[in-house]
>>> print(open('input18.pdb').read())   # PDB, C-alpha atoms
ATOM      1  CA  MET Q   1      56.477 115.542 -41.971  1.00  0.00           C
ATOM      2  CA  ASN Q   2      58.335 113.119 -39.767  1.00  0.00           C
ATOM      3  CA  ASN Q   3      61.320 113.323 -42.054  1.00  0.00           C
ATOM      4  CA  ILE Q   4      61.527 117.139 -41.686  1.00  0.00           C
ATOM      5  CA  THR Q   5      61.444 116.826 -37.884  1.00  0.00           C
ATOM      6  CA  PHE Q   6      64.263 114.282 -38.042  1.00  0.00           C
ATOM      7  CA  ILE Q   7      66.394 116.629 -40.156  1.00  0.00           C
ATOM      8  CA  GLN Q   8      65.636 119.499 -37.735  1.00  0.00           C
ATOM      9  CA  ASP Q   9      66.808 117.364 -34.806  1.00  0.00           C
ATOM     10  CA  ILE Q  10      70.012 116.412 -36.600  1.00  0.00           C
ATOM     11  CA  LEU Q  11      70.797 120.029 -37.558  1.00  0.00           C
ATOM     12  CA  SER Q  12      70.038 121.497 -34.148  1.00  0.00           C
ATOM     13  CA  ASN Q  13      72.101 118.831 -32.379  1.00  0.00           C
ATOM     14  CA  PHE Q  14      74.956 119.577 -34.766  1.00  0.00           C
ATOM     15  CA  PHE Q  15      74.772 123.302 -33.971  1.00  0.00           C
ATOM     16  CA  PHE Q  16      74.614 122.601 -30.231  1.00  0.00           C
ATOM     17  CA  ILE Q  17      77.655 120.327 -30.353  1.00  0.00           C
ATOM     18  CA  ALA Q  18      79.582 122.837 -32.495  1.00  0.00           C
ATOM     19  CA  GLY Q  19      78.814 125.649 -30.052  1.00  0.00           C
ATOM     20  CA  MET Q  20      79.800 123.550 -27.041  1.00  0.00           C
ATOM     21  CA  PHE Q  21      83.007 122.536 -28.816  1.00  0.00           C
ATOM     22  CA  PHE Q  22      83.949 126.177 -29.378  1.00  0.00           C
ATOM     23  CA  VAL Q  23      83.119 127.023 -25.757  1.00  0.00           C
ATOM     24  CA  PHE Q  24      85.435 124.181 -24.728  1.00  0.00           C
ATOM     25  CA  LEU Q  25      88.199 125.501 -26.996  1.00  0.00           C
ATOM     26  CA  GLY Q  26      87.822 129.004 -25.594  1.00  0.00           C
ATOM     27  CA  MET Q  27      88.004 127.804 -22.022  1.00  0.00           C
ATOM     28  CA  LEU Q  28      91.045 125.655 -22.800  1.00  0.00           C
ATOM     29  CA  GLY Q  29      92.743 128.667 -24.373  1.00  0.00           C
ATOM     30  CA  LEU Q  30      91.815 130.903 -21.464  1.00  0.00           C
ATOM     31  CA  TYR Q  31      93.371 128.396 -19.082  1.00  0.00           C
ATOM     32  CA  ARG Q  32      96.498 127.452 -21.009  1.00  0.00           C
ATOM     33  CA  LEU Q  33      97.767 130.230 -23.287  1.00  0.00           C
ATOM     34  CA  PRO Q  34     100.646 132.409 -22.060  1.00  0.00           C
ATOM     35  CA  ASP Q  35      99.674 135.947 -23.056  1.00  0.00           C
ATOM     36  CA  VAL Q  36      96.869 138.486 -22.882  1.00  0.00           C
ATOM     37  CA  TYR Q  37      96.524 138.691 -26.651  1.00  0.00           C
ATOM     38  CA  ASN Q  38      96.629 134.919 -27.165  1.00  0.00           C
ATOM     39  CA  ARG Q  39      94.000 134.441 -24.487  1.00  0.00           C
ATOM     40  CA  LEU Q  40      91.861 137.146 -26.090  1.00  0.00           C
ATOM     41  CA  HIS Q  41      92.208 135.433 -29.450  1.00  0.00           C
ATOM     42  CA  ALA Q  42      90.934 132.217 -27.939  1.00  0.00           C
ATOM     43  CA  THR Q  43      88.185 133.808 -25.860  1.00  0.00           C
ATOM     44  CA  THR Q  44      86.537 135.750 -28.672  1.00  0.00           C
ATOM     45  CA  LYS Q  45      85.572 132.435 -30.277  1.00  0.00           C
ATOM     46  CA  ILE Q  46      83.140 131.843 -27.424  1.00  0.00           C
ATOM     47  CA  GLY Q  47      81.317 135.080 -28.181  1.00  0.00           C
ATOM     48  CA  THR Q  48      81.097 134.602 -31.924  1.00  0.00           C
ATOM     49  CA  LEU Q  49      81.028 130.949 -32.840  1.00  0.00           C
ATOM     50  CA  GLY Q  50      79.999 129.337 -29.543  1.00  0.00           C
ATOM     51  CA  ALA Q  51      77.070 131.562 -28.585  1.00  0.00           C
ATOM     52  CA  PHE Q  52      75.940 131.965 -32.194  1.00  0.00           C
ATOM     53  CA  GLY Q  53      76.073 128.192 -32.703  1.00  0.00           C
ATOM     54  CA  VAL Q  54      73.973 127.452 -29.635  1.00  0.00           C
ATOM     55  CA  MET Q  55      71.446 130.166 -30.504  1.00  0.00           C
ATOM     56  CA  MET Q  56      71.210 128.873 -34.092  1.00  0.00           C
ATOM     57  CA  GLY Q  57      70.581 125.409 -32.657  1.00  0.00           C
ATOM     58  CA  ILE Q  58      67.656 126.790 -30.658  1.00  0.00           C
ATOM     59  CA  VAL Q  59      66.338 128.646 -33.719  1.00  0.00           C
ATOM     60  CA  VAL Q  60      66.509 125.529 -35.905  1.00  0.00           C
ATOM     61  CA  LYS Q  61      64.782 123.446 -33.246  1.00  0.00           C
ATOM     62  CA  LEU Q  62      61.963 125.906 -32.479  1.00  0.00           C
ATOM     63  CA  GLY Q  63      61.346 127.863 -35.681  1.00  0.00           C
ATOM     64  CA  PHE Q  64      60.526 131.547 -35.675  1.00  0.00           C
ATOM     65  CA  GLY Q  65      58.417 131.658 -32.567  1.00  0.00           C
ATOM     66  CA  PRO Q  66      58.929 134.153 -29.722  1.00  0.00           C
ATOM     67  CA  MET Q  67      61.868 132.222 -28.288  1.00  0.00           C
ATOM     68  CA  GLY Q  68      63.409 131.725 -31.722  1.00  0.00           C
ATOM     69  CA  ILE Q  69      63.285 135.442 -32.509  1.00  0.00           C
ATOM     70  CA  LYS Q  70      64.855 136.315 -29.164  1.00  0.00           C
ATOM     71  CA  ALA Q  71      67.514 133.655 -29.604  1.00  0.00           C
ATOM     72  CA  ILE Q  72      68.514 134.958 -33.028  1.00  0.00           C
ATOM     73  CA  THR Q  73      68.580 138.497 -31.571  1.00  0.00           C
ATOM     74  CA  VAL Q  74      70.969 137.445 -28.804  1.00  0.00           C
ATOM     75  CA  GLY Q  75      73.113 135.520 -31.289  1.00  0.00           C
ATOM     76  CA  LEU Q  76      73.392 138.401 -33.744  1.00  0.00           C
ATOM     77  CA  PHE Q  77      74.111 140.887 -30.936  1.00  0.00           C
ATOM     78  CA  LEU Q  78      76.946 138.731 -29.591  1.00  0.00           C
ATOM     79  CA  LEU Q  79      78.242 138.113 -33.113  1.00  0.00           C
ATOM     80  CA  LEU Q  80      78.417 141.873 -33.734  1.00  0.00           C
ATOM     81  CA  THR Q  81      79.691 143.136 -30.375  1.00  0.00           C
ATOM     82  CA  ALA Q  82      82.178 140.502 -29.196  1.00  0.00           C
ATOM     83  CA  PRO Q  83      84.895 141.406 -31.799  1.00  0.00           C
ATOM     84  CA  VAL Q  84      84.410 145.125 -31.069  1.00  0.00           C
ATOM     85  CA  ALA Q  85      84.874 144.592 -27.339  1.00  0.00           C
ATOM     86  CA  ALA Q  86      87.883 142.337 -27.962  1.00  0.00           C
ATOM     87  CA  HIS Q  87      89.510 144.922 -30.217  1.00  0.00           C
ATOM     88  CA  MET Q  88      88.971 147.724 -27.709  1.00  0.00           C
ATOM     89  CA  ILE Q  89      90.311 145.756 -24.761  1.00  0.00           C
ATOM     90  CA  SER Q  90      93.364 144.573 -26.705  1.00  0.00           C
ATOM     91  CA  ARG Q  91      94.156 148.135 -27.842  1.00  0.00           C
ATOM     92  CA  ALA Q  92      93.736 149.377 -24.286  1.00  0.00           C
ATOM     93  CA  ALA Q  93      96.005 146.600 -23.019  1.00  0.00           C
ATOM     94  CA  HIS Q  94      98.699 147.457 -25.556  1.00  0.00           C
ATOM     95  CA  ARG Q  95      98.568 151.152 -24.764  1.00  0.00           C
ATOM     96  CA  HIS Q  96      98.459 150.414 -21.047  1.00  0.00           C
ATOM     97  CA  GLY Q  97     101.803 148.696 -21.410  1.00  0.00           C
ATOM     98  CA  VAL Q  98     101.014 145.014 -21.184  1.00  0.00           C
ATOM     99  CA  GLY Q  99     103.808 143.186 -22.937  1.00  0.00           C
ATOM    100  CA  LEU Q 100     103.748 140.282 -25.313  1.00  0.00           C
ATOM    101  CA  CYS Q 101     104.980 136.852 -24.352  1.00  0.00           C
ATOM    102  CA  GLU Q 102     108.591 135.896 -24.973  1.00  0.00           C
ATOM    103  CA  GLU Q 103     107.918 133.617 -27.931  1.00  0.00           C
ATOM    104  CA  SER Q 104     106.267 136.334 -30.033  1.00  0.00           C
ATOM    105  CA  THR Q 105     108.390 137.766 -32.802  1.00  0.00           C
ATOM    106  CA  LEU Q 106     106.605 140.811 -34.265  1.00  0.00           C
ATOM    107  CA  ASP Q 107     104.671 143.772 -32.875  1.00  0.00           C
ATOM    108  CA  ASP Q 108     103.075 145.614 -35.775  1.00  0.00           C
ATOM    109  CA  TYR Q 109     100.790 147.759 -33.656  1.00  0.00           C
ATOM    110  CA  GLY Q 110     103.622 149.128 -31.565  1.00  0.00           C
ATOM    111  CA  LYS Q 111     105.632 149.788 -34.719  1.00  0.00           C
ATOM    112  CA  THR Q 112     102.764 151.765 -36.213  1.00  0.00           C
ATOM    113  CA  TYR Q 113     101.281 153.720 -33.352  1.00  0.00           C
ATOM    114  CA  CYS Q 114     103.851 154.309 -30.630  1.00  0.00           C
ATOM    115  CA  PRO Q 115     107.356 154.301 -32.133  1.00  0.00           C
ATOM    116  CA  MET Q 116     108.809 156.757 -29.617  1.00  0.00           C
ATOM    117  CA  ASN Q 117     106.650 155.951 -26.629  1.00  0.00           C
ATOM    118  CA  SER Q 118     108.568 154.485 -23.756  1.00  0.00           C
ATOM    119  CA  SER Q 119     105.444 153.183 -22.030  1.00  0.00           C
ATOM    120  CA  CYS Q 120     105.239 150.336 -24.527  1.00  0.00           C
ATOM    121  CA  ALA Q 121     106.734 147.378 -22.713  1.00  0.00           C
ATOM    122  CA  VAL Q 122     107.853 145.640 -25.885  1.00  0.00           C
ATOM    123  CA  LYS Q 123     111.053 146.802 -27.464  1.00  0.00           C
ATOM    124  CA  HIS Q 124     110.684 146.422 -31.192  1.00  0.00           C
ATOM    125  CA  GLU Q 125     113.209 147.220 -33.862  1.00  0.00           C
ATOM    126  CA  GLU Q 126     112.410 150.858 -34.616  1.00  0.00           C
ATOM    127  CA  THR Q 127     112.486 151.863 -30.976  1.00  0.00           C
ATOM    128  CA  ILE Q 128     115.862 150.238 -30.534  1.00  0.00           C
ATOM    129  CA  GLU Q 129     117.165 151.979 -33.642  1.00  0.00           C
ATOM    130  CA  ASP Q 130     115.807 155.318 -32.454  1.00  0.00           C
ATOM    131  CA  GLU Q 131     117.520 154.866 -29.131  1.00  0.00           C
ATOM    132  CA  HIS Q 132     120.783 154.134 -30.931  1.00  0.00           C
ATOM    133  CA  ASP Q 133     120.329 157.272 -33.029  1.00  0.00           C
ATOM    134  CA  GLN Q 134     119.738 159.385 -29.980  1.00  0.00           C
ATOM    135  CA  MET Q 135     122.877 158.049 -28.419  1.00  0.00           C
TER     136      MET Q 135
ATOM    137  CA  MET O   1      64.378 111.872 -25.234  1.00  0.00           C
ATOM    138  CA  ASN O   2      67.757 112.096 -26.870  1.00  0.00           C
ATOM    139  CA  THR O   3      67.698 115.909 -27.007  1.00  0.00           C
ATOM    140  CA  ILE O   4      66.894 116.166 -23.285  1.00  0.00           C
ATOM    141  CA  HIS O   5      70.083 114.252 -22.515  1.00  0.00           C
ATOM    142  CA  LEU O   6      72.101 116.461 -24.866  1.00  0.00           C
ATOM    143  CA  LEU O   7      70.751 119.639 -23.238  1.00  0.00           C
ATOM    144  CA  ASP O   8      71.492 118.317 -19.739  1.00  0.00           C
ATOM    145  CA  ILE O   9      75.042 117.543 -20.842  1.00  0.00           C
ATOM    146  CA  ALA O  10      75.277 121.069 -22.296  1.00  0.00           C
ATOM    147  CA  LEU O  11      74.160 122.655 -19.015  1.00  0.00           C
ATOM    148  CA  ILE O  12      76.618 120.600 -16.944  1.00  0.00           C
ATOM    149  CA  PHE O  13      79.382 121.503 -19.401  1.00  0.00           C
ATOM    150  CA  MET O  14      78.591 125.221 -19.190  1.00  0.00           C
ATOM    151  CA  VAL O  15      78.675 125.109 -15.387  1.00  0.00           C
ATOM    152  CA  LEU O  16      82.038 123.313 -15.515  1.00  0.00           C
ATOM    153  CA  SER O  17      83.424 125.859 -17.966  1.00  0.00           C
ATOM    154  CA  ILE O  18      82.946 128.651 -15.422  1.00  0.00           C
ATOM    155  CA  ILE O  19      85.914 127.234 -13.450  1.00  0.00           C
ATOM    156  CA  PRO O  20      88.718 128.461 -15.823  1.00  0.00           C
ATOM    157  CA  CYS O  21      87.126 131.931 -15.810  1.00  0.00           C
ATOM    158  CA  ILE O  22      87.218 132.082 -12.000  1.00  0.00           C
ATOM    159  CA  HIS O  23      90.806 130.786 -12.056  1.00  0.00           C
ATOM    160  CA  ARG O  24      91.837 133.483 -14.519  1.00  0.00           C
ATOM    161  CA  ILE O  25      89.993 136.215 -12.597  1.00  0.00           C
ATOM    162  CA  ILE O  26      91.812 135.293  -9.383  1.00  0.00           C
ATOM    163  CA  LYS O  27      95.235 134.484 -10.810  1.00  0.00           C
ATOM    164  CA  GLY O  28      95.499 136.727 -13.895  1.00  0.00           C
ATOM    165  CA  PRO O  29      98.665 138.808 -13.763  1.00  0.00           C
ATOM    166  CA  THR O  30      97.324 142.002 -15.343  1.00  0.00           C
ATOM    167  CA  ILE O  31      94.059 143.930 -15.422  1.00  0.00           C
ATOM    168  CA  PRO O  32      93.127 143.097 -19.072  1.00  0.00           C
ATOM    169  CA  ASP O  33      93.371 139.402 -18.180  1.00  0.00           C
ATOM    170  CA  ARG O  34      90.679 139.873 -15.586  1.00  0.00           C
ATOM    171  CA  VAL O  35      88.536 141.921 -17.953  1.00  0.00           C
ATOM    172  CA  ILE O  36      88.792 139.217 -20.627  1.00  0.00           C
ATOM    173  CA  ALA O  37      87.877 136.564 -18.072  1.00  0.00           C
ATOM    174  CA  VAL O  38      84.830 138.544 -16.917  1.00  0.00           C
ATOM    175  CA  ASP O  39      83.730 138.989 -20.535  1.00  0.00           C
ATOM    176  CA  ALA O  40      84.101 135.258 -21.215  1.00  0.00           C
ATOM    177  CA  LEU O  41      82.199 134.496 -17.997  1.00  0.00           C
ATOM    178  CA  ALA O  42      79.315 136.726 -19.099  1.00  0.00           C
ATOM    179  CA  THR O  43      79.234 135.057 -22.504  1.00  0.00           C
ATOM    180  CA  VAL O  44      79.177 131.580 -20.959  1.00  0.00           C
ATOM    181  CA  ILE O  45      76.334 132.672 -18.665  1.00  0.00           C
ATOM    182  CA  VAL O  46      74.445 133.993 -21.720  1.00  0.00           C
ATOM    183  CA  VAL O  47      74.838 130.652 -23.499  1.00  0.00           C
ATOM    184  CA  MET O  48      73.785 128.806 -20.342  1.00  0.00           C
ATOM    185  CA  LEU O  49      70.678 130.984 -20.021  1.00  0.00           C
ATOM    186  CA  GLY O  50      69.784 130.277 -23.655  1.00  0.00           C
ATOM    187  CA  VAL O  51      70.007 126.526 -23.133  1.00  0.00           C
ATOM    188  CA  TYR O  52      68.131 126.783 -19.825  1.00  0.00           C
ATOM    189  CA  SER O  53      65.401 128.821 -21.469  1.00  0.00           C
ATOM    190  CA  PHE O  54      64.984 126.049 -24.014  1.00  0.00           C
ATOM    191  CA  VAL O  55      64.915 123.376 -21.295  1.00  0.00           C
ATOM    192  CA  GLN O  56      62.346 125.227 -19.181  1.00  0.00           C
ATOM    193  CA  GLU O  57      60.306 126.256 -22.273  1.00  0.00           C
ATOM    194  CA  SER O  58      60.070 129.812 -20.964  1.00  0.00           C
ATOM    195  CA  VAL O  59      60.830 132.973 -22.941  1.00  0.00           C
ATOM    196  CA  PHE O  60      61.899 135.124 -20.010  1.00  0.00           C
ATOM    197  CA  PHE O  61      65.369 133.640 -19.538  1.00  0.00           C
ATOM    198  CA  MET O  62      66.171 134.778 -23.080  1.00  0.00           C
ATOM    199  CA  ASP O  63      65.398 138.385 -22.021  1.00  0.00           C
ATOM    200  CA  VAL O  64      67.821 137.952 -19.124  1.00  0.00           C
ATOM    201  CA  ALA O  65      70.442 136.649 -21.570  1.00  0.00           C
ATOM    202  CA  LEU O  66      70.003 139.687 -23.854  1.00  0.00           C
ATOM    203  CA  VAL O  67      70.299 142.144 -20.939  1.00  0.00           C
ATOM    204  CA  ILE O  68      73.405 140.392 -19.578  1.00  0.00           C
ATOM    205  CA  SER O  69      75.079 140.465 -23.011  1.00  0.00           C
ATOM    206  CA  ILE O  70      74.360 144.207 -23.392  1.00  0.00           C
ATOM    207  CA  ILE O  71      75.678 144.991 -19.902  1.00  0.00           C
ATOM    208  CA  ALA O  72      78.820 142.912 -20.513  1.00  0.00           C
ATOM    209  CA  PHE O  73      79.540 144.754 -23.765  1.00  0.00           C
ATOM    210  CA  VAL O  74      79.051 148.195 -22.218  1.00  0.00           C
ATOM    211  CA  GLY O  75      81.171 147.246 -19.202  1.00  0.00           C
ATOM    212  CA  THR O  76      84.014 145.935 -21.343  1.00  0.00           C
ATOM    213  CA  VAL O  77      84.059 149.049 -23.525  1.00  0.00           C
ATOM    214  CA  THR O  78      83.973 151.255 -20.423  1.00  0.00           C
ATOM    215  CA  ILE O  79      86.890 149.491 -18.756  1.00  0.00           C
ATOM    216  CA  ALA O  80      88.822 149.588 -22.044  1.00  0.00           C
ATOM    217  CA  LYS O  81      88.339 153.339 -22.319  1.00  0.00           C
ATOM    218  CA  TYR O  82      89.312 153.768 -18.688  1.00  0.00           C
ATOM    219  CA  LEU O  83      92.520 151.786 -19.170  1.00  0.00           C
ATOM    220  CA  ASP O  84      93.323 153.596 -22.378  1.00  0.00           C
ATOM    221  CA  GLU O  85      92.690 157.251 -21.572  1.00  0.00           C
ATOM    222  CA  GLY O  86      92.328 157.408 -17.790  1.00  0.00           C
ATOM    223  CA  VAL O  87      88.816 158.798 -17.920  1.00  0.00           C
ATOM    224  CA  VAL O  88      85.572 157.073 -18.777  1.00  0.00           C
ATOM    225  CA  PHE O  89      83.725 159.816 -20.636  1.00  0.00           C
TER     226      PHE O  89
END
>>> encode(input="input18.pdb", output="structure tokens")
Amino acid sequence: MNNITFIQDILSNFFFIAGMFFVFLGMLGLYRLPDVYNRLHATTKIGTLGAFGVMMGIVVKLGFGPMGIKAITVGLFLLLTAPVAAHMISRAAHRHGVGLCEESTLDDYGKTYCPMNSSCAVKHEETIEDEHDQM
Amino acid sequence: MNTIHLLDIALIFMVLSIIPCIHRIIKGPTIPDRVIAVDALATVIVVMLGVYSFVQESVFFMDVALVISIIAFVGTVTIAKYLDEGVVF
């Protein structure tokens, strides 16, 4: 019985430290990265891996009591909705005209969905070719 | 005794990790930057409330965490639709 409790402590501490590590990575990315999309790519890790890791640590430490059930509910909700929210806000940012950073080389979404739209801030290859054709 | 120290360290770390969110909300050059920072801030507060609920051994903070996560998701989707189409509904 004591051995099982020891393994539970080890596992829950591991999940806690993994979740805190991903929260640290997300905050570092939010502070340092140069672009909206790069920052979004870093920040979504907090919602999925960080929050889910911490909630799984609580579940492993407490078992399926009332708090464990609520913790796994919060973790699964964040795991399902954080990528959806990130996708919607990145699509809205791209259509709103927020450009990519200077080091980025390819814009597949702009090439697919707005080839003739001048509100896209990024000039990709097809737009430039279309402008040359119109000239 | 060891886990109490780890949870205290986790709470202090979550409070410290609010600072980059506030920095990005104030300084962020575009509107989606601020929306992303608010979303990350809500997620960090949810994680902090989960850890605090475990420290206090009370179930009610977990309800607060669930409500805050739902409101953050709905708010992010609403602002995304407003930026995209110009109307909310």
>>> resolve_selection(input="input18.pdb", expression="the PyMOL selection byres ((chain O and resi 18-29) around 7)", output="mmCIF file with C-alpha atoms, in the frame of the given file")
data_model
loop_
_atom_site.group_PDB
_atom_site.id
_atom_site.type_symbol
_atom_site.label_atom_id
_atom_site.label_comp_id
_atom_site.auth_asym_id
_atom_site.auth_seq_id
_atom_site.Cartn_x
_atom_site.Cartn_y
_atom_site.Cartn_z
ATOM 1 C CA MET Q 27 88.004 127.804 -22.022
ATOM 2 C CA LEU Q 30 91.815 130.903 -21.464
ATOM 3 C CA TYR Q 31 93.371 128.396 -19.082
ATOM 4 C CA MET O 14 78.591 125.221 -19.190
ATOM 5 C CA VAL O 15 78.675 125.109 -15.387
ATOM 6 C CA LEU O 16 82.038 123.313 -15.515
ATOM 7 C CA SER O 17 83.424 125.859 -17.966
ATOM 8 C CA THR O 30 97.324 142.002 -15.343
ATOM 9 C CA ASP O 33 93.371 139.402 -18.180
ATOM 10 C CA ARG O 34 90.679 139.873 -15.586
ATOM 11 C CA ALA O 37 87.877 136.564 -18.072
ATOM 12 C CA LEU O 41 82.199 134.496 -17.997
#
>>> resolve_selection(input="input18.pdb", expression="the ChimeraX specification (/Q :<9) & /O", output="VMD selection string")
chain O and resid 3 6 to 7 10 13 to 14 17 to 21 23 to 24 30 to 33 35 to 37 39 to 40 43 to 44 46 to 47 50 to 51 53 to 54 57 to 60 62 to 63 65 to 66 69 to 70 73 to 74 76 to 77 79 to 85
>>> atom_distance(input="input18.pdb", atom1="CA of Phe15 (chain Q)", atom2="CA of Met56 (chain Q)")
6.6 Å
>>> atom_distance(input="input18.pdb", atom1="CA of Gln8 (chain Q)", atom2="CA of Phe21 (chain Q)")
19.8 Å
>>> axis_aligned_box(input="input18.pdb", around="region 43-56 of chain Q", padding_each_side="5 Å", output="JSON")
{"center_x": 79.7, "center_y": 131.6, "center_z": -30.0, "size_x": 27.0, "size_y": 18.3, "size_z": 18.2}
